[in-house]
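Asks: Dumping the structure here so I can ask a few things about it.
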Protein chains: 2
Amino acid sequence: MPRPRSLTRSGIAAAALAVVDRDGLAALTMRAVAKELGMAAMSLYRYVADRDELEVLVVDHVLTDLDLSVPPGPWRDRIAGLLERMRAATQAHREVVPLVVRHRHAAPASLRWIEATLAVLTEAGFTGRRRVVAQRTLVAYLLGALQNEHYGPLSGSGTAAMAELSISDFPVLAETAAQARALPPADEFRAGLAIVLDGLSAAASAR
Amino acid sequence: MPRPRSLTRSGIAAAALAVVDRDGLAALTMRAVAKELGMAAMSLYRYVADRDELEVLVVDHVLTDLDLSVPPGPWRDRIAGLLERMRAATQAHREVVPLVVRHRHAAPASLRWIEATLAVLTEAGFTGRRRVVAQRTLVAYLLGALQNEHYGPLSGSGTAAMAELSISDFPVLAETAAQARALPPADEFRAGLAIVLDGLSAAASAR
DNA sequence: ACCGTAGATGTACGATGTACGCCTACGAAG
DNA sequence: CTTCGTAGGCGTACATCGTACATCTACGGT
């Protein structure tokens, strides 16, 4: 009987993502998203409870199309594939990194990804507390790496500034920062992930 | 000749931290900090350029008293000590975690900590690109773990909600979440750190 | 043709960061 | 002791934000 809805939550998420991709995260406001959809600001509240829920919608939208199928092979490679895909999805919309960090536990697509990684860990022999630790450690590395890349990319001005620091106050840091600038982000991510996976392999065989 | 200043930047940082500790991060506003100091809001702008700089001040204040001296011993233990201290410092002011993540590269105290960890890594035999990767991986784990603990503590409602998920949709996740609730945060941090350090040890001896 | 329901919206309020300009307290100079 | 230049302190004001509230309206079933 009532009037039909003219929007969908996923349409709203897509519009919000378009705003963020085009104008940056700071431009993500209720009014901006509404304008993107050609509606009044308050109309959005028929679809989301508040701004936080809008943000969750954006995160879920970014992660929705994640391919969770992992080709058969060593568990190490399968875990690496899942992490790489998560990184690729968020790197496609760099500005949402802070949102992913804050809302990952509320986005259904993120839960599906967690289930997939836990399944691989289980096959690899992780159970109980060791499985919990393995999962949380992988997520910690993933989120931390995304943030390193977002807030302080090795190719960015922060690293350049560190390279200019006084050699007497920061001898090792200044030298290391200079070396760091040449390391491509994808290489950095893979190398760090290899270290974590080496540690996990040790934990797997220790049991 | 001019009128002397009545505040110091570190006094402002302390007041801001007091606000955050008492009322939460969302309560950190220029007006609230000014009131805490018994001054007008605009007076703060004689000491900081903008709100972002205030946030950096808070981060630096939290990390200022970090003990960077590491007792002699295996490099593994020394790195672990530095990470544990960084965690302890931020856990003493939990609400500040998001600020530490965003501004760590701008806070001098954070740079000193990085220098200290790099020095230990250097002694352990890491140089060049491998040292960069080792450092960034440690920081990624550290920041990710802090955020896991802050936004989604294993003892919190997020984990409880995951434990209630449908067994048919999320068989492994639901089971794992139930097991996870009993893992104390400090144990979680240490266990994850051990995994990363195992990986680093492998990288160190591989060279 | 009508009508009840829920969607869409216009207005408005409190809160926030901060630009701008004025007032004033202080230490140095006389 | 008086004077004065300088920079600290602050009152006001504005744009922008999230969103509460009340009203209007478009639609599908009768």
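Chain labels A, B, ... are given in the sequence in which chains occur in the structure tokens; within each chain residues are numbered consecutively from 1, and ligands are likewise numbered from 1 in the order shown.
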Once you count only C-alpha atoms (C1' of nucleotides), what closest atom pair and distance in Å to one decimal does each residue of chain C within 9 Å of chain A have, with rows by chain and rising residue number, as JSON lines?
Replies:
```
{"residue": "C:DG4", "atom": "C1'", "partner": "A:Met1", "partner_atom": "CA", "distance": 7.9}
{"residue": "C:DT5", "atom": "C1'", "partner": "A:Pro2", "partner_atom": "CA", "distance": 4.7}
{"residue": "C:DA6", "atom": "C1'", "partner": "A:Pro2", "partner_atom": "CA", "distance": 5.3}
{"residue": "C:DG7", "atom": "C1'", "partner": "A:Arg3", "partner_atom": "CA", "distance": 6.0}
{"residue": "C:DA8", "atom": "C1'", "partner": "A:Ser43", "partner_atom": "CA", "distance": 5.9}
{"residue": "C:DT9", "atom": "C1'", "partner": "A:Ala40", "partner_atom": "CA", "distance": 6.3}
```
Asks: Would you mind exporting the chosen residues as a PDB file, in the first residue's frame, restricted to C-alpha atoms (C1' of nucleotides)?
Replies:
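Listing of again-v1.pdb after writing:
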```pdb
ATOM      1  C1'  DG C   4      -4.084   5.018   4.454  1.00  0.00           C
ATOM      2  C1'  DT C   5       0.765   4.393   4.761  1.00  0.00           C
ATOM      3  C1'  DA C   6       5.318   5.184   4.534  1.00  0.00           C
ATOM      4  C1'  DG C   7       8.720   7.766   1.677  1.00  0.00           C
ATOM      5  C1'  DA C   8      10.584  12.383   0.780  1.00  0.00           C
ATOM      6  C1'  DT C   9      11.710  16.760   2.344  1.00  0.00           C
TER       7       DT C   9
END
```
Asks: Using only C-alpha atoms, find the residues of chain B whose closest atom to chain A is at most 8 Å away, then write them as a compact mmCIF listing (two decimals) with N, CA and C atoms, in the first residue's frame.
Replies:
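Saved the output as iface20.txt:
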```txt
# COMPACT_ATOMS: atom_id res chain seq x y z
N VAL B 101 47.71 6.05 15.66
CA VAL B 101 47.81 5.49 14.32
C VAL B 101 47.95 6.60 13.27
N ARG B 102 47.13 7.63 13.42
CA ARG B 102 47.12 8.67 12.39
C ARG B 102 48.36 9.56 12.43
N HIS B 105 53.82 9.30 12.70
CA HIS B 105 54.98 9.75 11.94
C HIS B 105 55.30 11.21 12.19
N ARG B 112 61.85 8.71 17.88
CA ARG B 112 62.90 8.18 18.76
C ARG B 112 62.71 6.68 18.98
N ILE B 114 61.29 4.61 16.88
CA ILE B 114 61.68 3.96 15.62
C ILE B 114 63.20 3.83 15.54
N GLU B 115 63.89 4.90 15.88
CA GLU B 115 65.35 4.85 15.87
C GLU B 115 65.85 3.72 16.77
N LEU B 118 65.18 0.35 15.16
CA LEU B 118 66.08 0.15 14.01
C LEU B 118 67.50 -0.18 14.47
N ALA B 119 67.90 0.45 15.58
CA ALA B 119 69.25 0.17 16.08
C ALA B 119 69.37 -1.30 16.48
N GLY B 128 69.83 -2.51 4.89
CA GLY B 128 69.22 -2.22 3.59
C GLY B 128 67.74 -2.52 3.54
N ARG B 129 67.31 -3.06 2.44
CA ARG B 129 65.89 -3.30 2.23
C ARG B 129 65.30 -4.24 3.28
N ARG B 131 66.07 -4.47 6.33
CA ARG B 131 65.82 -3.73 7.58
C ARG B 131 64.54 -2.91 7.46
N VAL B 132 64.35 -2.31 6.32
CA VAL B 132 63.12 -1.54 6.08
C VAL B 132 61.90 -2.44 6.26
N VAL B 133 61.95 -3.59 5.64
CA VAL B 133 60.80 -4.50 5.71
C VAL B 133 60.57 -4.98 7.14
N ALA B 134 61.64 -5.30 7.83
CA ALA B 134 61.50 -5.78 9.20
C ALA B 134 60.83 -4.71 10.06
N ARG B 136 58.97 -2.06 9.14
CA ARG B 136 57.59 -1.77 8.74
C ARG B 136 56.65 -2.91 9.14
N THR B 137 57.16 -4.13 9.10
CA THR B 137 56.33 -5.27 9.48
C THR B 137 56.03 -5.23 10.98
N VAL B 139 55.96 -2.57 12.86
CA VAL B 139 55.03 -1.48 13.11
C VAL B 139 53.62 -1.85 12.65
N ALA B 140 53.54 -2.51 11.51
CA ALA B 140 52.22 -2.93 11.01
C ALA B 140 51.56 -3.84 12.03
N TYR B 141 52.30 -4.82 12.53
CA TYR B 141 51.70 -5.71 13.53
C TYR B 141 51.29 -4.92 14.77
N LEU B 142 52.17 -4.06 15.22
CA LEU B 142 51.89 -3.30 16.44
C LEU B 142 50.61 -2.46 16.29
N LEU B 143 50.55 -1.68 15.24
CA LEU B 143 49.37 -0.83 15.05
C LEU B 143 48.12 -1.65 14.83
N GLY B 144 48.24 -2.71 14.06
CA GLY B 144 47.09 -3.56 13.81
C GLY B 144 46.59 -4.21 15.09
N ALA B 145 47.52 -4.64 15.92
CA ALA B 145 47.13 -5.28 17.17
C ALA B 145 46.45 -4.27 18.10
N GLN B 147 44.77 -1.78 17.21
CA GLN B 147 43.44 -1.51 16.70
C GLN B 147 42.49 -2.68 16.89
N ASN B 148 42.99 -3.88 16.70
CA ASN B 148 42.18 -5.05 17.01
C ASN B 148 41.65 -4.93 18.43
N TYR B 151 39.14 -1.57 18.62
CA TYR B 151 37.85 -1.60 17.92
C TYR B 151 37.13 -2.93 18.07
N GLY B 152 37.87 -4.01 18.28
CA GLY B 152 37.22 -5.31 18.35
C GLY B 152 37.88 -6.23 19.35
N GLY B 158 31.57 -7.46 19.85
CA GLY B 158 31.75 -7.90 18.48
C GLY B 158 32.03 -9.40 18.42
N PHE B 170 28.42 -19.59 8.97
CA PHE B 170 29.79 -19.30 9.43
C PHE B 170 30.27 -20.37 10.40
N PRO B 171 30.42 -21.59 9.92
CA PRO B 171 30.74 -22.69 10.85
C PRO B 171 32.03 -22.46 11.63
N VAL B 172 33.09 -22.11 10.96
CA VAL B 172 34.38 -21.98 11.64
C VAL B 172 34.43 -20.69 12.47
N LEU B 173 33.88 -19.61 11.91
CA LEU B 173 33.93 -18.34 12.61
C LEU B 173 33.16 -18.39 13.93
N THR B 176 35.16 -20.39 16.39
CA THR B 176 36.39 -19.71 16.79
C THR B 176 36.12 -18.52 17.70
N ALA B 177 35.06 -17.79 17.38
CA ALA B 177 34.73 -16.62 18.19
C ALA B 177 34.41 -17.03 19.61
N GLN B 179 35.62 -19.56 21.19
CA GLN B 179 36.87 -19.89 21.87
C GLN B 179 37.68 -18.64 22.20
N ALA B 180 37.50 -17.62 21.37
CA ALA B 180 38.37 -16.45 21.47
C ALA B 180 38.11 -15.61 22.72
N LEU B 183 40.55 -15.39 25.71
CA LEU B 183 41.97 -15.04 25.54
C LEU B 183 42.23 -13.61 26.02
N GLU B 188 47.14 -12.35 23.97
CA GLU B 188 46.94 -12.28 22.53
C GLU B 188 48.09 -11.50 21.88
N ALA B 191 51.40 -13.49 21.99
CA ALA B 191 51.41 -14.65 21.10
C ALA B 191 51.57 -14.23 19.65
N GLY B 192 50.88 -13.17 19.27
CA GLY B 192 51.01 -12.68 17.90
C GLY B 192 52.40 -12.15 17.64
N LEU B 193 52.92 -11.43 18.62
CA LEU B 193 54.27 -10.88 18.47
C LEU B 193 55.29 -12.01 18.32
N ALA B 194 55.08 -13.10 19.06
CA ALA B 194 56.00 -14.24 18.95
C ALA B 194 56.00 -14.79 17.54
N ILE B 195 54.83 -14.81 16.91
CA ILE B 195 54.75 -15.31 15.53
C ILE B 195 55.56 -14.42 14.59
N VAL B 196 55.38 -13.10 14.74
CA VAL B 196 56.11 -12.18 13.87
C VAL B 196 57.62 -12.30 14.11
N LEU B 197 58.00 -12.42 15.37
CA LEU B 197 59.42 -12.54 15.68
C LEU B 197 60.01 -13.85 15.16
N ASP B 198 59.21 -14.91 15.19
CA ASP B 198 59.67 -16.16 14.58
C ASP B 198 59.97 -15.95 13.10
N GLY B 199 59.07 -15.24 12.45
CA GLY B 199 59.28 -14.96 11.03
C GLY B 199 60.52 -14.12 10.81
N LEU B 200 60.72 -13.15 11.68
CA LEU B 200 61.91 -12.30 11.54
C LEU B 200 63.19 -13.09 11.80
N ALA B 202 63.71 -16.16 11.17
CA ALA B 202 63.99 -16.91 9.94
C ALA B 202 64.66 -16.01 8.91
N ALA B 203 64.13 -14.78 8.80
CA ALA B 203 64.71 -13.84 7.84
C ALA B 203 66.13 -13.48 8.22
```
Asks: If I take atom CA of A:Glu95 and atom CA of A:Arg22, how far is one from the other in Å, to one decimal?
Replies: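 Here the two named atoms are 9.6 Å from each other.
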Asks: Taking only C-alpha atoms (C1' of nucleotides) into account, report as a list in words which residues of chain D lie within 12 Å of chain B.
Replies: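 Close to chain B, chain D has DC4, DG5, DT6, DA7, DG8, DG9, DC10, DG11 and DT12 of chain D.
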Asks: Export N, CA and C atoms (P, O5', C5', C4', C3', O3' and C1' of nucleotides) of the chosen residues as a PDB file, in the first residue's frame?
Replies:
```pdb
ATOM      1  P    DC D   4      53.895  57.376  25.190  1.00  0.00           P
ATOM      2  O5'  DC D   4      54.392  56.038  24.495  1.00  0.00           O
ATOM      3  C5'  DC D   4      55.767  55.680  24.551  1.00  0.00           C
ATOM      4  C4'  DC D   4      55.930  54.280  24.001  1.00  0.00           C
ATOM      5  C3'  DC D   4      54.826  53.853  23.029  1.00  0.00           C
ATOM      6  O3'  DC D   4      55.402  53.080  22.012  1.00  0.00           O
ATOM      7  C1'  DC D   4      54.934  52.324  24.813  1.00  0.00           C
ATOM      8  P    DG D   5      54.853  53.182  20.496  1.00  0.00           P
ATOM      9  O5'  DG D   5      55.475  51.862  19.861  1.00  0.00           O
ATOM     10  C5'  DG D   5      56.835  51.537  20.154  1.00  0.00           C
ATOM     11  C4'  DG D   5      56.957  50.035  20.350  1.00  0.00           C
ATOM     12  C3'  DG D   5      56.238  49.201  19.296  1.00  0.00           C
ATOM     13  O3'  DG D   5      57.069  48.103  18.957  1.00  0.00           O
ATOM     14  C1'  DG D   5      55.434  48.604  21.438  1.00  0.00           C
ATOM     15  P    DT D   6      56.753  47.219  17.705  1.00  0.00           P
ATOM     16  O5'  DT D   6      56.397  45.846  18.426  1.00  0.00           O
ATOM     17  C5'  DT D   6      57.309  45.337  19.397  1.00  0.00           C
ATOM     18  C4'  DT D   6      56.644  44.197  20.142  1.00  0.00           C
ATOM     19  C3'  DT D   6      55.896  43.221  19.224  1.00  0.00           C
ATOM     20  O3'  DT D   6      56.381  41.919  19.489  1.00  0.00           O
ATOM     21  C1'  DT D   6      54.529  43.853  21.062  1.00  0.00           C
ATOM     22  P    DA D   7      56.272  40.802  18.346  1.00  0.00           P
ATOM     23  O5'  DA D   7      55.379  39.729  19.106  1.00  0.00           O
ATOM     24  C5'  DA D   7      55.792  39.356  20.424  1.00  0.00           C
ATOM     25  C4'  DA D   7      54.575  39.025  21.252  1.00  0.00           C
ATOM     26  C3'  DA D   7      53.691  37.924  20.639  1.00  0.00           C
ATOM     27  O3'  DA D   7      53.312  37.085  21.689  1.00  0.00           O
ATOM     28  C1'  DA D   7      52.392  39.764  21.210  1.00  0.00           C
ATOM     29  P    DG D   8      52.829  35.639  21.512  1.00  0.00           P
ATOM     30  O5'  DG D   8      51.790  35.585  22.714  1.00  0.00           O
ATOM     31  C5'  DG D   8      52.252  35.902  24.017  1.00  0.00           C
ATOM     32  C4'  DG D   8      51.058  36.175  24.899  1.00  0.00           C
ATOM     33  C3'  DG D   8      50.000  35.071  24.853  1.00  0.00           C
ATOM     34  O3'  DG D   8      49.500  34.903  26.168  1.00  0.00           O
ATOM     35  C1'  DG D   8      49.048  37.123  24.146  1.00  0.00           C
ATOM     36  P    DG D   9      48.446  33.728  26.481  1.00  0.00           P
ATOM     37  O5'  DG D   9      47.075  34.533  26.340  1.00  0.00           O
ATOM     38  C5'  DG D   9      46.697  35.416  27.374  1.00  0.00           C
ATOM     39  C4'  DG D   9      45.340  35.982  27.079  1.00  0.00           C
ATOM     40  C3'  DG D   9      44.243  34.931  26.872  1.00  0.00           C
ATOM     41  O3'  DG D   9      43.182  35.261  27.752  1.00  0.00           O
ATOM     42  C1'  DG D   9      44.219  36.514  25.107  1.00  0.00           C
ATOM     43  P    DC D  10      41.919  34.341  27.880  1.00  0.00           P
ATOM     44  O5'  DC D  10      40.895  35.048  26.892  1.00  0.00           O
ATOM     45  C5'  DC D  10      40.579  36.413  27.106  1.00  0.00           C
ATOM     46  C4'  DC D  10      39.649  36.885  26.025  1.00  0.00           C
ATOM     47  C3'  DC D  10      38.469  35.944  25.743  1.00  0.00           C
ATOM     48  O3'  DC D  10      37.306  36.734  25.713  1.00  0.00           O
ATOM     49  C1'  DC D  10      39.516  36.556  23.741  1.00  0.00           C
ATOM     50  P    DG D  11      35.951  36.213  26.268  1.00  0.00           P
ATOM     51  O5'  DG D  11      34.931  37.150  25.475  1.00  0.00           O
ATOM     52  C5'  DG D  11      35.362  38.473  25.097  1.00  0.00           C
ATOM     53  C4'  DG D  11      34.524  38.942  23.935  1.00  0.00           C
ATOM     54  C3'  DG D  11      33.194  38.209  23.762  1.00  0.00           C
ATOM     55  O3'  DG D  11      32.205  39.147  23.348  1.00  0.00           O
ATOM     56  C1'  DG D  11      34.570  37.834  21.847  1.00  0.00           C
ATOM     57  P    DT D  12      30.756  38.651  22.927  1.00  0.00           P
ATOM     58  O5'  DT D  12      30.876  38.567  21.334  1.00  0.00           O
ATOM     59  C5'  DT D  12      31.530  39.626  20.647  1.00  0.00           C
ATOM     60  C4'  DT D  12      31.503  39.354  19.154  1.00  0.00           C
ATOM     61  C3'  DT D  12      30.216  38.700  18.637  1.00  0.00           C
ATOM     62  O3'  DT D  12      29.765  39.434  17.508  1.00  0.00           O
ATOM     63  C1'  DT D  12      32.111  37.498  17.870  1.00  0.00           C
TER      64       DT D  12
END
```
Asks: What does the distance between atom CA of B:Ala107 and atom CA of B:Asp60 come to in Å, to one decimal place?
Replies: 5.0 Å
Asks: So the first atom is atom CA of A:Met30 and the second is atom CA of A:Val58; what is the distance between them in Å, to one decimal place?
Replies: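 According to the coordinates, atom CA of A:Met30 and atom CA of A:Val58 are separated by 12.7 Å.
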Asks: Please return as a PyMOL selection string: the residues of stretch 93-186 of chain B that backbone DSSP assigns to alpha helix (DSSP H).
Replies: chain B and resi 97-103+108-123+128-151+157-163+171-180+185-186
